[in-house]
file work_10.txt (compact mmCIF, N, CA and C atoms)
# COMPACT_ATOMS: atom_id res chain seq x y z
N MET A 1 28.31 -49.70 -2.56
CA MET A 1 27.72 -48.39 -2.74
C MET A 1 27.25 -47.89 -1.38
N GLN A 2 27.37 -46.59 -1.17
CA GLN A 2 26.93 -45.98 0.08
C GLN A 2 26.14 -44.71 -0.21
N LEU A 3 25.25 -44.39 0.71
CA LEU A 3 24.46 -43.17 0.67
C LEU A 3 24.71 -42.45 1.99
N ALA A 4 25.12 -41.19 1.93
CA ALA A 4 25.46 -40.43 3.14
C ALA A 4 24.94 -39.01 3.02
N SER A 5 24.91 -38.32 4.16
CA SER A 5 24.52 -36.90 4.19
C SER A 5 25.45 -36.16 5.14
N SER A 6 25.85 -34.97 4.74
CA SER A 6 26.65 -34.12 5.63
C SER A 6 25.77 -33.43 6.67
N ALA A 7 24.44 -33.54 6.53
CA ALA A 7 23.51 -32.88 7.45
C ALA A 7 23.16 -33.73 8.67
N PHE A 8 23.27 -35.05 8.55
CA PHE A 8 22.97 -35.93 9.68
C PHE A 8 23.68 -37.27 9.50
N ALA A 9 24.02 -37.87 10.62
CA ALA A 9 24.69 -39.17 10.63
C ALA A 9 23.64 -40.28 10.48
N PRO A 10 24.05 -41.47 10.05
CA PRO A 10 23.11 -42.58 9.99
C PRO A 10 22.46 -42.82 11.36
N ASN A 11 21.16 -43.04 11.34
CA ASN A 11 20.35 -43.33 12.52
C ASN A 11 20.22 -42.15 13.49
N ALA A 12 20.62 -40.96 13.06
CA ALA A 12 20.53 -39.76 13.90
C ALA A 12 19.35 -38.91 13.46
N SER A 13 19.13 -37.82 14.18
CA SER A 13 18.02 -36.91 13.87
C SER A 13 18.29 -36.09 12.62
N ILE A 14 17.27 -35.96 11.80
CA ILE A 14 17.32 -35.09 10.63
C ILE A 14 17.09 -33.67 11.12
N PRO A 15 17.94 -32.71 10.77
CA PRO A 15 17.74 -31.33 11.20
C PRO A 15 16.40 -30.77 10.73
N SER A 16 15.76 -29.97 11.57
CA SER A 16 14.41 -29.49 11.28
C SER A 16 14.32 -28.66 10.00
N GLU A 17 15.41 -28.07 9.53
CA GLU A 17 15.35 -27.28 8.29
C GLU A 17 14.91 -28.12 7.10
N PHE A 18 15.07 -29.44 7.18
CA PHE A 18 14.71 -30.33 6.08
C PHE A 18 13.33 -30.94 6.27
N THR A 19 12.54 -30.39 7.20
CA THR A 19 11.23 -30.94 7.56
C THR A 19 10.14 -29.90 7.40
N CYS A 20 8.91 -30.29 7.70
CA CYS A 20 7.79 -29.36 7.64
C CYS A 20 7.89 -28.27 8.70
N ASP A 21 8.72 -28.48 9.70
CA ASP A 21 8.92 -27.46 10.75
C ASP A 21 9.96 -26.42 10.35
N GLY A 22 10.63 -26.64 9.23
CA GLY A 22 11.67 -25.73 8.75
C GLY A 22 11.42 -25.34 7.32
N GLY A 23 12.46 -25.40 6.51
CA GLY A 23 12.36 -25.00 5.10
C GLY A 23 11.70 -26.03 4.21
N ASN A 24 11.56 -27.27 4.70
CA ASN A 24 10.91 -28.35 3.95
C ASN A 24 11.59 -28.61 2.60
N TYR A 25 12.92 -28.60 2.61
CA TYR A 25 13.68 -28.94 1.40
C TYR A 25 14.61 -30.09 1.70
N ASN A 26 15.04 -30.78 0.65
CA ASN A 26 15.83 -32.00 0.83
C ASN A 26 17.20 -31.71 1.43
N PRO A 27 17.69 -32.66 2.23
CA PRO A 27 19.04 -32.54 2.77
C PRO A 27 20.07 -32.86 1.69
N PRO A 28 21.32 -32.45 1.90
CA PRO A 28 22.36 -32.83 0.95
C PRO A 28 22.62 -34.33 1.06
N LEU A 29 22.88 -34.95 -0.09
CA LEU A 29 23.14 -36.38 -0.13
C LEU A 29 24.37 -36.66 -0.98
N ASP A 30 25.14 -37.65 -0.56
CA ASP A 30 26.32 -38.08 -1.30
C ASP A 30 26.16 -39.53 -1.70
N PHE A 31 26.47 -39.83 -2.97
CA PHE A 31 26.44 -41.19 -3.50
C PHE A 31 27.89 -41.65 -3.64
N LEU A 32 28.27 -42.68 -2.91
CA LEU A 32 29.65 -43.15 -2.89
C LEU A 32 29.74 -44.55 -3.49
N ASP A 33 30.81 -44.79 -4.22
CA ASP A 33 31.10 -46.12 -4.78
C ASP A 33 29.98 -46.66 -5.68
N VAL A 34 29.43 -45.79 -6.52
CA VAL A 34 28.43 -46.23 -7.49
C VAL A 34 29.14 -47.14 -8.50
N PRO A 35 28.60 -48.32 -8.78
CA PRO A 35 29.29 -49.23 -9.69
C PRO A 35 29.40 -48.68 -11.11
N ALA A 36 30.50 -48.99 -11.76
CA ALA A 36 30.75 -48.52 -13.13
C ALA A 36 29.70 -49.04 -14.10
N ALA A 37 29.10 -50.19 -13.79
CA ALA A 37 28.10 -50.78 -14.68
C ALA A 37 26.74 -50.08 -14.60
N ALA A 38 26.55 -49.17 -13.67
CA ALA A 38 25.25 -48.50 -13.51
C ALA A 38 24.95 -47.62 -14.71
N LYS A 39 23.71 -47.74 -15.20
CA LYS A 39 23.23 -46.90 -16.31
C LYS A 39 22.29 -45.80 -15.80
N SER A 40 21.77 -46.01 -14.58
CA SER A 40 20.90 -45.01 -13.97
C SER A 40 20.77 -45.30 -12.48
N LEU A 41 20.27 -44.30 -11.75
CA LEU A 41 20.05 -44.43 -10.30
C LEU A 41 18.60 -44.11 -9.97
N VAL A 42 18.12 -44.74 -8.91
CA VAL A 42 16.79 -44.46 -8.37
C VAL A 42 16.99 -44.01 -6.93
N LEU A 43 16.26 -42.98 -6.52
CA LEU A 43 16.30 -42.50 -5.14
C LEU A 43 14.88 -42.42 -4.60
N ILE A 44 14.68 -43.05 -3.46
CA ILE A 44 13.37 -43.07 -2.80
C ILE A 44 13.58 -42.60 -1.36
N MET A 45 12.62 -41.82 -0.84
CA MET A 45 12.59 -41.51 0.59
C MET A 45 11.22 -41.92 1.10
N GLU A 46 11.21 -42.72 2.18
CA GLU A 46 9.94 -43.20 2.69
C GLU A 46 9.93 -43.26 4.22
N ASP A 47 8.73 -43.17 4.77
CA ASP A 47 8.49 -43.27 6.21
C ASP A 47 7.59 -44.48 6.44
N PRO A 48 8.12 -45.55 7.07
CA PRO A 48 7.30 -46.73 7.33
C PRO A 48 6.59 -46.72 8.68
N ASP A 49 6.59 -45.58 9.36
CA ASP A 49 6.06 -45.51 10.73
C ASP A 49 4.75 -44.74 10.86
N VAL A 50 4.02 -44.59 9.77
CA VAL A 50 2.76 -43.85 9.78
C VAL A 50 1.71 -44.67 10.53
N PRO A 51 0.96 -44.05 11.43
CA PRO A 51 -0.09 -44.79 12.14
C PRO A 51 -1.07 -45.43 11.14
N THR A 52 -1.41 -46.68 11.37
CA THR A 52 -2.27 -47.39 10.42
C THR A 52 -3.70 -46.84 10.39
N HIS A 53 -4.09 -46.07 11.39
CA HIS A 53 -5.42 -45.46 11.29
C HIS A 53 -5.40 -44.28 10.31
N LEU A 54 -4.21 -43.78 9.97
CA LEU A 54 -4.08 -42.73 8.96
C LEU A 54 -3.83 -43.31 7.57
N ARG A 55 -3.00 -44.36 7.51
CA ARG A 55 -2.69 -45.05 6.26
C ARG A 55 -2.61 -46.54 6.56
N ALA A 56 -3.47 -47.31 5.95
CA ALA A 56 -3.55 -48.74 6.25
C ALA A 56 -2.22 -49.46 6.08
N ASP A 57 -1.41 -49.03 5.09
CA ASP A 57 -0.12 -49.70 4.86
C ASP A 57 0.99 -49.17 5.75
N GLY A 58 0.73 -48.11 6.52
CA GLY A 58 1.73 -47.56 7.43
C GLY A 58 2.90 -46.88 6.75
N MET A 59 2.78 -46.58 5.45
CA MET A 59 3.90 -46.05 4.66
C MET A 59 3.54 -44.70 4.05
N PHE A 60 4.52 -43.79 4.06
CA PHE A 60 4.36 -42.51 3.37
C PHE A 60 5.60 -42.31 2.49
N ASP A 61 5.37 -42.10 1.21
CA ASP A 61 6.46 -41.87 0.26
C ASP A 61 6.72 -40.37 0.17
N HIS A 62 7.95 -39.96 0.51
CA HIS A 62 8.32 -38.55 0.57
C HIS A 62 9.06 -38.03 -0.67
N TRP A 63 9.69 -38.92 -1.43
CA TRP A 63 10.48 -38.48 -2.58
C TRP A 63 10.69 -39.67 -3.48
N VAL A 64 10.43 -39.50 -4.78
CA VAL A 64 10.58 -40.58 -5.75
C VAL A 64 11.26 -40.01 -6.99
N LEU A 65 12.46 -40.51 -7.27
CA LEU A 65 13.23 -40.06 -8.45
C LEU A 65 13.83 -41.27 -9.15
N TRP A 66 13.92 -41.20 -10.46
CA TRP A 66 14.58 -42.27 -11.22
C TRP A 66 15.25 -41.68 -12.45
N ASN A 67 16.04 -42.54 -13.11
CA ASN A 67 16.86 -42.12 -14.26
C ASN A 67 17.79 -40.98 -13.89
N ILE A 68 18.26 -40.99 -12.65
CA ILE A 68 19.30 -40.06 -12.23
C ILE A 68 20.58 -40.52 -12.93
N PRO A 69 21.33 -39.61 -13.54
CA PRO A 69 22.57 -40.02 -14.22
C PRO A 69 23.51 -40.75 -13.25
N PRO A 70 24.12 -41.86 -13.70
CA PRO A 70 24.94 -42.66 -12.80
C PRO A 70 26.22 -41.96 -12.34
N GLU A 71 26.61 -40.88 -13.01
CA GLU A 71 27.79 -40.13 -12.58
C GLU A 71 27.47 -39.14 -11.46
N THR A 72 26.20 -39.03 -11.07
CA THR A 72 25.80 -38.15 -9.98
C THR A 72 26.43 -38.64 -8.68
N ARG A 73 27.12 -37.75 -7.99
CA ARG A 73 27.76 -38.12 -6.72
C ARG A 73 27.27 -37.27 -5.56
N HIS A 74 26.57 -36.17 -5.87
CA HIS A 74 26.13 -35.27 -4.80
C HIS A 74 24.83 -34.58 -5.21
N ILE A 75 23.93 -34.48 -4.25
CA ILE A 75 22.73 -33.66 -4.40
C ILE A 75 22.83 -32.59 -3.32
N ALA A 76 22.84 -31.35 -3.73
CA ALA A 76 22.94 -30.24 -2.77
C ALA A 76 21.61 -30.08 -2.03
N ALA A 77 21.68 -29.49 -0.86
CA ALA A 77 20.47 -29.21 -0.07
C ALA A 77 19.52 -28.35 -0.90
N GLY A 78 18.28 -28.75 -0.95
CA GLY A 78 17.26 -27.98 -1.65
C GLY A 78 17.27 -28.10 -3.15
N GLU A 79 18.09 -29.00 -3.70
CA GLU A 79 18.18 -29.15 -5.15
C GLU A 79 17.93 -30.59 -5.55
N ALA A 80 16.97 -30.79 -6.44
CA ALA A 80 16.72 -32.14 -6.96
C ALA A 80 17.76 -32.43 -8.04
N PRO A 81 18.17 -33.68 -8.15
CA PRO A 81 19.13 -34.04 -9.20
C PRO A 81 18.44 -34.11 -10.56
N LEU A 82 19.23 -34.22 -11.61
CA LEU A 82 18.68 -34.51 -12.93
C LEU A 82 18.01 -35.87 -12.87
N GLY A 83 17.01 -36.07 -13.67
CA GLY A 83 16.28 -37.33 -13.68
C GLY A 83 14.79 -37.09 -13.72
N GLU A 84 14.05 -38.15 -13.58
CA GLU A 84 12.58 -38.08 -13.61
C GLU A 84 12.04 -38.03 -12.19
N MET A 85 10.98 -37.25 -12.02
CA MET A 85 10.37 -37.05 -10.71
C MET A 85 9.04 -37.80 -10.64
N GLY A 86 8.89 -38.58 -9.58
CA GLY A 86 7.64 -39.28 -9.34
C GLY A 86 6.78 -38.52 -8.35
N VAL A 87 5.66 -39.12 -8.00
CA VAL A 87 4.75 -38.48 -7.05
C VAL A 87 4.89 -39.11 -5.67
N THR A 88 4.68 -38.29 -4.67
CA THR A 88 4.70 -38.72 -3.27
C THR A 88 3.32 -39.27 -2.90
N THR A 89 3.20 -39.72 -1.68
CA THR A 89 1.90 -40.19 -1.20
C THR A 89 0.86 -39.07 -1.27
N ARG A 90 1.31 -37.83 -1.14
CA ARG A 90 0.39 -36.68 -1.25
C ARG A 90 -0.07 -36.45 -2.68
N GLY A 91 0.55 -37.14 -3.64
CA GLY A 91 0.17 -36.96 -5.05
C GLY A 91 0.85 -35.80 -5.72
N VAL A 92 1.93 -35.30 -5.13
CA VAL A 92 2.67 -34.17 -5.73
C VAL A 92 4.09 -34.63 -6.06
N SER A 93 4.71 -33.94 -7.00
CA SER A 93 6.10 -34.22 -7.36
C SER A 93 7.02 -33.43 -6.45
N GLY A 94 8.21 -33.95 -6.27
CA GLY A 94 9.21 -33.25 -5.48
C GLY A 94 9.32 -33.81 -4.07
N TYR A 95 10.18 -33.18 -3.32
CA TYR A 95 10.48 -33.60 -1.96
C TYR A 95 9.41 -33.11 -1.00
N THR A 96 8.96 -34.00 -0.13
CA THR A 96 8.05 -33.67 0.97
C THR A 96 8.77 -34.05 2.25
N GLY A 97 9.12 -33.08 3.06
CA GLY A 97 9.91 -33.33 4.26
C GLY A 97 9.18 -34.06 5.36
N PRO A 98 9.94 -34.62 6.30
CA PRO A 98 9.34 -35.30 7.44
C PRO A 98 8.37 -34.39 8.20
N CYS A 99 7.25 -34.98 8.62
CA CYS A 99 6.23 -34.24 9.36
C CYS A 99 5.39 -35.24 10.15
N PRO A 100 6.02 -35.99 11.04
CA PRO A 100 5.28 -37.06 11.73
C PRO A 100 4.15 -36.50 12.59
N PRO A 101 2.98 -37.13 12.52
CA PRO A 101 1.82 -36.61 13.25
C PRO A 101 1.75 -37.00 14.72
N ASP A 102 2.60 -37.97 15.15
CA ASP A 102 2.36 -38.52 16.48
C ASP A 102 3.59 -38.73 17.35
N ARG A 103 4.76 -39.01 16.76
CA ARG A 103 5.94 -39.38 17.55
C ARG A 103 7.14 -39.37 16.61
N GLU A 104 8.29 -39.80 17.11
CA GLU A 104 9.46 -39.90 16.24
C GLU A 104 9.24 -41.00 15.19
N HIS A 105 9.55 -40.66 13.95
CA HIS A 105 9.47 -41.61 12.85
C HIS A 105 10.85 -41.80 12.25
N ARG A 106 11.00 -42.92 11.54
CA ARG A 106 12.22 -43.20 10.79
C ARG A 106 11.99 -42.85 9.32
N TYR A 107 13.02 -42.27 8.71
CA TYR A 107 12.94 -41.88 7.30
C TYR A 107 14.09 -42.55 6.57
N PHE A 108 13.73 -43.38 5.59
CA PHE A 108 14.72 -44.15 4.85
C PHE A 108 14.94 -43.52 3.48
N PHE A 109 16.17 -43.12 3.21
CA PHE A 109 16.59 -42.70 1.88
C PHE A 109 17.20 -43.96 1.25
N LYS A 110 16.70 -44.37 0.10
CA LYS A 110 17.16 -45.60 -0.54
C LYS A 110 17.66 -45.27 -1.94
N LEU A 111 18.87 -45.74 -2.23
CA LEU A 111 19.50 -45.51 -3.51
C LEU A 111 19.70 -46.86 -4.20
N PHE A 112 19.31 -46.93 -5.47
CA PHE A 112 19.46 -48.15 -6.25
C PHE A 112 20.28 -47.83 -7.51
N ALA A 113 21.28 -48.63 -7.78
CA ALA A 113 22.03 -48.55 -9.03
C ALA A 113 21.42 -49.58 -9.98
N LEU A 114 21.06 -49.13 -11.18
CA LEU A 114 20.40 -50.00 -12.14
C LEU A 114 21.28 -50.23 -13.38
N SER A 115 21.10 -51.37 -13.98
CA SER A 115 21.84 -51.70 -15.20
C SER A 115 21.18 -51.12 -16.45
N GLU A 116 20.02 -50.48 -16.30
CA GLU A 116 19.28 -49.87 -17.42
C GLU A 116 18.59 -48.60 -16.94
N LYS A 117 18.20 -47.76 -17.88
CA LYS A 117 17.31 -46.65 -17.58
C LYS A 117 15.88 -47.19 -17.59
N LEU A 118 14.98 -46.51 -16.90
CA LEU A 118 13.59 -46.94 -16.84
C LEU A 118 12.74 -46.14 -17.81
N ASP A 119 11.84 -46.81 -18.48
CA ASP A 119 10.92 -46.17 -19.42
C ASP A 119 9.57 -46.02 -18.73
N LEU A 120 9.49 -44.95 -17.94
CA LEU A 120 8.27 -44.66 -17.17
C LEU A 120 7.88 -43.21 -17.38
N PRO A 121 6.59 -42.92 -17.32
CA PRO A 121 6.17 -41.52 -17.46
C PRO A 121 6.47 -40.72 -16.20
N THR A 122 6.77 -39.44 -16.38
CA THR A 122 6.94 -38.54 -15.25
C THR A 122 5.67 -38.62 -14.41
N GLY A 123 5.83 -38.61 -13.09
CA GLY A 123 4.69 -38.70 -12.20
C GLY A 123 4.34 -40.11 -11.77
N SER A 124 5.20 -41.08 -12.11
CA SER A 124 4.96 -42.45 -11.66
C SER A 124 5.08 -42.53 -10.14
N THR A 125 4.48 -43.55 -9.57
CA THR A 125 4.52 -43.76 -8.13
C THR A 125 5.75 -44.58 -7.73
N LYS A 126 6.03 -44.63 -6.43
CA LYS A 126 7.13 -45.46 -5.93
C LYS A 126 6.91 -46.91 -6.32
N ALA A 127 5.70 -47.41 -6.18
CA ALA A 127 5.42 -48.81 -6.51
C ALA A 127 5.71 -49.09 -7.98
N GLU A 128 5.34 -48.18 -8.86
CA GLU A 128 5.59 -48.36 -10.29
C GLU A 128 7.08 -48.33 -10.59
N VAL A 129 7.80 -47.40 -9.95
CA VAL A 129 9.24 -47.29 -10.16
C VAL A 129 9.95 -48.56 -9.67
N LEU A 130 9.63 -49.00 -8.46
CA LEU A 130 10.29 -50.18 -7.92
C LEU A 130 9.96 -51.44 -8.71
N ALA A 131 8.73 -51.56 -9.20
CA ALA A 131 8.37 -52.73 -10.01
C ALA A 131 9.16 -52.74 -11.32
N ALA A 132 9.31 -51.58 -11.95
CA ALA A 132 10.06 -51.49 -13.20
C ALA A 132 11.56 -51.69 -12.96
N ALA A 133 12.06 -51.26 -11.82
CA ALA A 133 13.49 -51.33 -11.51
C ALA A 133 13.95 -52.70 -11.06
N GLU A 134 13.05 -53.49 -10.51
CA GLU A 134 13.41 -54.74 -9.82
C GLU A 134 14.40 -55.61 -10.60
N GLN A 135 14.15 -55.82 -11.86
CA GLN A 135 15.00 -56.73 -12.65
C GLN A 135 16.36 -56.13 -13.01
N TYR A 136 16.54 -54.81 -12.79
CA TYR A 136 17.78 -54.13 -13.18
C TYR A 136 18.67 -53.71 -12.01
N ILE A 137 18.26 -54.02 -10.78
CA ILE A 137 19.03 -53.57 -9.61
C ILE A 137 20.36 -54.31 -9.54
N ILE A 138 21.44 -53.52 -9.53
CA ILE A 138 22.79 -54.06 -9.37
C ILE A 138 23.13 -54.12 -7.89
N ILE A 139 22.86 -53.02 -7.20
CA ILE A 139 23.17 -52.89 -5.78
C ILE A 139 22.32 -51.76 -5.22
N ASP A 140 22.11 -51.77 -3.92
CA ASP A 140 21.36 -50.67 -3.29
C ASP A 140 22.05 -50.27 -1.99
N ALA A 141 21.69 -49.10 -1.52
CA ALA A 141 22.22 -48.55 -0.27
C ALA A 141 21.11 -47.76 0.39
N GLN A 142 21.22 -47.57 1.70
CA GLN A 142 20.21 -46.75 2.37
C GLN A 142 20.83 -45.95 3.50
N LEU A 143 20.16 -44.87 3.81
CA LEU A 143 20.51 -43.99 4.92
C LEU A 143 19.23 -43.74 5.68
N MET A 144 19.26 -43.97 6.99
CA MET A 144 18.07 -43.75 7.80
C MET A 144 18.33 -42.60 8.77
N GLY A 145 17.37 -41.67 8.81
CA GLY A 145 17.39 -40.59 9.78
C GLY A 145 16.05 -40.58 10.51
N LYS A 146 16.01 -39.92 11.66
CA LYS A 146 14.80 -39.88 12.47
C LYS A 146 14.35 -38.43 12.64
N TYR A 147 13.05 -38.29 12.91
CA TYR A 147 12.56 -36.95 13.20
C TYR A 147 11.32 -37.04 14.08
N ASN A 148 11.25 -36.10 15.06
CA ASN A 148 10.10 -35.92 15.90
C ASN A 148 9.78 -34.44 15.89
N ARG A 149 8.57 -34.07 15.66
CA ARG A 149 8.18 -32.65 15.53
C ARG A 149 8.47 -31.87 16.80
N GLN A 150 8.82 -30.61 16.61
CA GLN A 150 9.09 -29.67 17.69
C GLN A 150 7.77 -28.98 18.07
N ARG A 151 6.99 -29.59 18.93
CA ARG A 151 5.66 -29.01 19.26
C ARG A 151 5.75 -28.18 20.51

call {"tool": "encode", "arguments": {"input": "work_10.txt", "output": "structure tokens"}}
result
Amino acid sequence: MQLASSAFAPNASIPSEFTCDGGNYNPPLDFLDVPAAAKSLVLIMEDPDVPTHLRADGMFDHWVLWNIPPETRHIAAGEAPLGEMGVTTRGVSGYTGPCPPDREHRYFFKLFALSEKLDLPTGSTKAEVLAAAEQYIIIDAQLMGKYNRQR
């Protein structure tokens, strides 16, 4: 399974239109080679480079989605896929674009193919989604992009 974007290459800069300096909407994403056995997909976007004086765990969750239909192969820019929406570190649902406070950060988009759908309430956190998904993960993929604010 692979996760790709037509907006940026792996390990390259995320265009500012997908960040707090631009339109703050999600980039387009492509899901490739999703296994036939998948019953649902999970998509997470996270930043592990947050200064620990701002967040002790150094992590910021930007997007949490689950129960995405396994036949989903593309998410258009600015459009969330079908499925359940979780909350970000800010406590809101939906996509929160990169907005690093100090330097260039890495942003990991993670896709998981699951053998089951998850029975979780809308608004669950990344930790709750990943804990529920753990036993059902068939395969995962990730795409990493970087961003540094245009100050």

call {"tool": "closest_residue", "arguments": {"input": "work_10.txt", "among": "A:Phe31, A:Phe109, A:Tyr147, A:Trp66", "to": "A:Val129", "atoms": "all atoms listed in the file"}}
result
A:Trp66

call {"tool": "atom_distance", "arguments": {"input": "work_10.txt", "atom1": "atom C of A:His74", "atom2": "atom N of A:Leu29"}}
result
5.5 Å

call {"tool": "select_by_dssp", "arguments": {"input": "work_10.txt", "residues": "chain A", "states": "helix (DSSP H, G or I)", "output": "NGL selection string"}}
result
:A and (16-18 or 126-136)

call {"tool": "residues_near_point", "arguments": {"input": "work_10.txt", "point": "(15.4, -43.4, -7.2)", "cutoff": "8 Å", "atoms": "only N, CA and C atoms", "output": "PDB file with N, CA and C atoms, keeping the file's coordinate frame"}}
result
ATOM      1  N   SER A  40      21.770 -46.010 -14.580  1.00  0.00           N
ATOM      2  CA  SER A  40      20.900 -45.010 -13.970  1.00  0.00           C
ATOM      3  C   SER A  40      20.770 -45.300 -12.480  1.00  0.00           C
ATOM      4  N   LEU A  41      20.270 -44.300 -11.750  1.00  0.00           N
ATOM      5  CA  LEU A  41      20.050 -44.430 -10.300  1.00  0.00           C
ATOM      6  C   LEU A  41      18.600 -44.110  -9.970  1.00  0.00           C
ATOM      7  N   VAL A  42      18.120 -44.740  -8.910  1.00  0.00           N
ATOM      8  CA  VAL A  42      16.790 -44.460  -8.370  1.00  0.00           C
ATOM      9  C   VAL A  42      16.990 -44.010  -6.930  1.00  0.00           C
ATOM     10  N   LEU A  43      16.260 -42.980  -6.520  1.00  0.00           N
ATOM     11  CA  LEU A  43      16.300 -42.500  -5.140  1.00  0.00           C
ATOM     12  C   LEU A  43      14.880 -42.420  -4.600  1.00  0.00           C
ATOM     13  N   ILE A  44      14.680 -43.050  -3.460  1.00  0.00           N
ATOM     14  CA  ILE A  44      13.370 -43.070  -2.800  1.00  0.00           C
ATOM     15  C   ILE A  44      13.580 -42.600  -1.360  1.00  0.00           C
ATOM     16  N   MET A  45      12.620 -41.820  -0.840  1.00  0.00           N
ATOM     17  CA  MET A  45      12.590 -41.510   0.590  1.00  0.00           C
ATOM     18  C   MET A  45      11.220 -41.920   1.100  1.00  0.00           C
ATOM     19  N   TRP A  63       9.690 -38.920  -1.430  1.00  0.00           N
ATOM     20  CA  TRP A  63      10.480 -38.480  -2.580  1.00  0.00           C
ATOM     21  C   TRP A  63      10.690 -39.670  -3.480  1.00  0.00           C
ATOM     22  N   VAL A  64      10.430 -39.500  -4.780  1.00  0.00           N
ATOM     23  CA  VAL A  64      10.580 -40.580  -5.750  1.00  0.00           C
ATOM     24  C   VAL A  64      11.260 -40.010  -6.990  1.00  0.00           C
ATOM     25  N   LEU A  65      12.460 -40.510  -7.270  1.00  0.00           N
ATOM     26  CA  LEU A  65      13.230 -40.060  -8.450  1.00  0.00           C
ATOM     27  C   LEU A  65      13.830 -41.270  -9.150  1.00  0.00           C
ATOM     28  N   TRP A  66      13.920 -41.200 -10.460  1.00  0.00           N
ATOM     29  CA  TRP A  66      14.580 -42.270 -11.220  1.00  0.00           C
ATOM     30  C   TRP A  66      15.250 -41.680 -12.450  1.00  0.00           C
ATOM     31  N   ASN A  67      16.040 -42.540 -13.110  1.00  0.00           N
ATOM     32  CA  ASN A  67      16.860 -42.120 -14.260  1.00  0.00           C
ATOM     33  C   ASN A  67      17.790 -40.980 -13.890  1.00  0.00           C
ATOM     34  N   ILE A  68      18.260 -40.990 -12.650  1.00  0.00           N
ATOM     35  CA  ILE A  68      19.300 -40.060 -12.230  1.00  0.00           C
ATOM     36  C   ILE A  68      20.580 -40.520 -12.930  1.00  0.00           C
ATOM     37  N   LYS A 110      16.700 -44.370   0.100  1.00  0.00           N
ATOM     38  CA  LYS A 110      17.160 -45.600  -0.540  1.00  0.00           C
ATOM     39  C   LYS A 110      17.660 -45.270  -1.940  1.00  0.00           C
ATOM     40  N   LEU A 111      18.870 -45.740  -2.230  1.00  0.00           N
ATOM     41  CA  LEU A 111      19.500 -45.510  -3.510  1.00  0.00           C
ATOM     42  C   LEU A 111      19.700 -46.860  -4.200  1.00  0.00           C
ATOM     43  N   PHE A 112      19.310 -46.930  -5.470  1.00  0.00           N
ATOM     44  CA  PHE A 112      19.460 -48.150  -6.250  1.00  0.00           C
ATOM     45  C   PHE A 112      20.280 -47.830  -7.510  1.00  0.00           C
ATOM     46  N   ALA A 113      21.280 -48.630  -7.780  1.00  0.00           N
ATOM     47  CA  ALA A 113      22.030 -48.550  -9.030  1.00  0.00           C
ATOM     48  C   ALA A 113      21.420 -49.580  -9.980  1.00  0.00           C
ATOM     49  N   VAL A 129       7.800 -47.400  -9.950  1.00  0.00           N
ATOM     50  CA  VAL A 129       9.240 -47.290 -10.160  1.00  0.00           C
ATOM     51  C   VAL A 129       9.950 -48.560  -9.670  1.00  0.00           C
TER      52      VAL A 129
END

call {"tool": "residues_near_point", "arguments": {"input": "work_10.txt", "point": "(3.8, -29.1, 10.3)", "cutoff": "8 Å", "atoms": "only N, CA and C atoms", "output": "list in words"}}
result
Thr19, Cys20, Asp21, Gly22, Pro98, Cys99, Pro100 and Arg149 of chain A

call {"tool": "axis_aligned_box", "arguments": {"input": "work_10.txt", "around": "stretch 33-36 of chain A", "padding_each_side": "6 Å", "output": "AutoDock Vina command-line options"}}
result
--center_x 29.8 --center_y -47.0 --center_z -9.2 --size_x 14.7 --size_y 16.4 --size_z 21.9

call {"tool": "atom_distance", "arguments": {"input": "work_10.txt", "atom1": "atom C of A:Glu134", "atom2": "atom N of A:Glu116"}}
result
9.5 Å

call {"tool": "residues_around", "arguments": {"input": "work_10.txt", "residues": "stretch 58-62 of chain A", "least_positions_apart": "4", "cutoff": "7 Å", "atoms": "all atoms listed in the file", "output": "short mmCIF file (atom, residue, chain, number, x, y, z; two decimals) with N, CA and C atoms, in the frame of the given file"}}
result
data_model
loop_
_atom_site.label_atom_id
_atom_site.label_comp_id
_atom_site.auth_asym_id
_atom_site.auth_seq_id
_atom_site.Cartn_x
_atom_site.Cartn_y
_atom_site.Cartn_z
N ILE A 44 14.68 -43.05 -3.46
CA ILE A 44 13.37 -43.07 -2.80
C ILE A 44 13.58 -42.60 -1.36
N MET A 45 12.62 -41.82 -0.84
CA MET A 45 12.59 -41.51 0.59
C MET A 45 11.22 -41.92 1.10
N GLU A 46 11.21 -42.72 2.18
CA GLU A 46 9.94 -43.20 2.69
C GLU A 46 9.93 -43.26 4.22
N ASP A 47 8.73 -43.17 4.77
CA ASP A 47 8.49 -43.27 6.21
C ASP A 47 7.59 -44.48 6.44
N PRO A 48 8.12 -45.55 7.07
CA PRO A 48 7.30 -46.73 7.33
C PRO A 48 6.59 -46.72 8.68
N ASP A 49 6.59 -45.58 9.36
CA ASP A 49 6.06 -45.51 10.73
C ASP A 49 4.75 -44.74 10.86
N VAL A 50 4.02 -44.59 9.77
CA VAL A 50 2.76 -43.85 9.78
C VAL A 50 1.71 -44.67 10.53
N PRO A 51 0.96 -44.05 11.43
CA PRO A 51 -0.09 -44.79 12.14
C PRO A 51 -1.07 -45.43 11.14
N THR A 52 -1.41 -46.68 11.37
CA THR A 52 -2.27 -47.39 10.42
C THR A 52 -3.70 -46.84 10.39
N LEU A 54 -4.21 -43.78 9.97
CA LEU A 54 -4.08 -42.73 8.96
C LEU A 54 -3.83 -43.31 7.57
N VAL A 87 5.66 -39.12 -8.00
CA VAL A 87 4.75 -38.48 -7.05
C VAL A 87 4.89 -39.11 -5.67
N THR A 88 4.68 -38.29 -4.67
CA THR A 88 4.70 -38.72 -3.27
C THR A 88 3.32 -39.27 -2.90
N THR A 89 3.20 -39.72 -1.68
CA THR A 89 1.90 -40.19 -1.20
C THR A 89 0.86 -39.07 -1.27
N ARG A 90 1.31 -37.83 -1.14
CA ARG A 90 0.39 -36.68 -1.25
C ARG A 90 -0.07 -36.45 -2.68
N GLY A 94 8.21 -33.95 -6.27
CA GLY A 94 9.21 -33.25 -5.48
C GLY A 94 9.32 -33.81 -4.07
N TYR A 95 10.18 -33.18 -3.32
CA TYR A 95 10.48 -33.60 -1.96
C TYR A 95 9.41 -33.11 -1.00
N THR A 96 8.96 -34.00 -0.13
CA THR A 96 8.05 -33.67 0.97
C THR A 96 8.77 -34.05 2.25
N GLY A 97 9.12 -33.08 3.06
CA GLY A 97 9.91 -33.33 4.26
C GLY A 97 9.18 -34.06 5.36
#
